[in-house]
Structure formats: structure tokens, C-alpha cells
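Trainee: Okay, here's the structure, questions in a sec.
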Amino acid sequence: MRLVATLLLLCLESSMVQASPRAPLDGEQIVSATVVLYPSGVFTRAPLTEALLALQGCTFMAAGDAAKLTALAGILNRRLVAGADGFPNHLRNLVYLQLRDGARLRYTLTDEYDAQGRVYGWVDSYAGDGRPLVAGRELLFDLRDWAAGVTDRKNFSEECLDKRVWPPGS
């Protein structure tokens, strides 16, 4: 009976570990990264979806550049912390990571959401295993600095790299 209980606990623990996106990230495990940024403080008539953001946002891609990928992992590890449940419907930025073991991670992020400069986010591995995140506006500033050094770009506009505090006066 004791053996069965131990095996059951081991199975439950291993399934919980597999079911949650990993943290912290190891930069050496990242094969490629795509970061999609939308200009800070630019209003849209309707909320952006992931598909619209991919079409209208600035896309920055890095693959095979260990220093760049490690720097991105450092930004995400340093700036993002576990957040409260819920994610405001104000998608403005995305980070996609492809890992060496075949796993994929998706980070969905708001712009600065409130007067305290909080950025809300969500990380998942496309398997219904997400968790909420929160950061300060420094996350967006760091992502823009990182993107400025990336040469593989699509739909690029200098506005995507502007570091504006939003809302004005905060």
C-alpha cells in the first residue's frame, strides 16, 4: 500500500512539473526567439488579437545567436514575476521561444496598463498550462533595447523601439 501511494505521488509530481511552463529560462536552451512589439501608447479601435499583432506589430527574430538568446532569457527571468489570476484583454506584445527539447513557450504581454506602470502577461506552452505574470515598464524598455540590436526584422518601424511612459504624466 505504501509503495502504491509513493508511486501515485511521484506520478502526480511529474505530471505537475510537465504541465507548467518552465522558469527560470536557461538561455542556452533557447534555439530561436521571435519578439513582436507594438508601439507604446498607440491606441487601436479594437483590442489586438495575436493574429493582428503578428500582422501590424514589429517582429524581431533571433536564431543561433547564443549571446542574444541568453540576453533575452535574462530579461524575462529578471523582470517577470508570478502575477495574480486574470489577464487584461489588452494584448500588445508577444515573445515566442523555441527550446532545444522541442518545447515552445509563448509570452503574451500588455503595454503599460496602469499609472504604476505595471505590465501584465501570461506564459504558456500552447497546452492549456499557462500562468499569469506581472512586471514593471522596465520589461518593455529592456525588450525594446534587445530588439534594437536584432537585424532580422519584419514590418519594422522606429516607433516600436520608442520608450515612452504611458499613460502620459505617470
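All residue names refer to the C-alpha cells as shown: chains lettered A, B, ... in order, residues numbered from 1 in each chain, ligands numbered from 1 in order.
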Mind checking DSSP for chain A and telling me the strand (DSSP E or B) residues as a PyMOL selection string?
Mentor: chain A and resi 30-37+58-63+81-82+91-99+104-110+118-124+131-136+152-154
Trainee: Tell me, as a VMD selection string, which residues lie within 8 Å of Ile30 in chain A, counting only C-alpha atoms; anything in the same chain fewer than 2 positions away does not count.
Mentor: chain A and resid 26 to 28 32 to 33 69 to 70 97 to 100
Trainee: I want to know what sits within 6 Å of range 75-82 of chain A, based on only C-alpha atoms, with residues of the same chain fewer than 3 positions away left out; could you give that as a list in words?
Mentor: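 The filter keeps Pro24, Leu72, Leu133, Val134, Ala135 and Leu139 of chain A.
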Trainee: Taking N, CA and C atoms for each residue, export the selection above as a short mmCIF file (atom, residue, chain, number, x, y, z; two decimals), in the first residue's frame.
Mentor:
```cif
data_model
loop_
_atom_site.label_atom_id
_atom_site.label_comp_id
_atom_site.auth_asym_id
_atom_site.auth_seq_id
_atom_site.Cartn_x
_atom_site.Cartn_y
_atom_site.Cartn_z
N PRO A 24 13.15 29.37 -14.01
CA PRO A 24 13.61 30.39 -14.94
C PRO A 24 14.12 29.78 -16.24
N LEU A 72 18.01 37.70 -23.87
CA LEU A 72 16.54 37.71 -23.81
C LEU A 72 16.05 36.89 -22.62
N LEU A 133 1.60 36.48 -15.21
CA LEU A 133 2.85 37.15 -14.87
C LEU A 133 2.59 38.64 -14.71
N VAL A 134 3.49 39.33 -14.05
CA VAL A 134 3.43 40.77 -13.94
C VAL A 134 4.86 41.31 -13.94
N ALA A 135 5.01 42.52 -14.44
CA ALA A 135 6.32 43.18 -14.48
C ALA A 135 6.09 44.68 -14.42
N LEU A 139 10.42 46.11 -18.17
CA LEU A 139 10.41 44.95 -19.07
C LEU A 139 10.29 45.41 -20.52
#
```
Trainee: Extract the full set of helix (DSSP H, G or I) residues from range 2-163 of chain A according to DSSP on the backbone, and format it as an MDAnalysis selection string.
Mentor: chainID A and resid 2:19 27:29 50:56 66:79 138:148 158:161
Trainee: Give the answer as one residue: which of A:Pro47, A:Leu55, A:Arg118, A:Ala71 has the shortest atom-to-atom distance to Asn89 in chain A, using only C-alpha atoms?
Mentor: A:Pro47
Trainee: So, counting only C-alpha atoms, which residue among A:Leu91, A:Val36, A:Leu25, A:Ala73 is closest to Thr49 in chain A?
Mentor: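 When distances to Thr49 in chain A are compared using only C-alpha atoms, the smallest one comes from A:Leu91.
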Trainee: So how many Å separate CA of Asn93 in chain A and CA of Leu109 in chain A, to one decimal?
Mentor: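 Rounded to one decimal, the two atoms are 5.0 Å apart.
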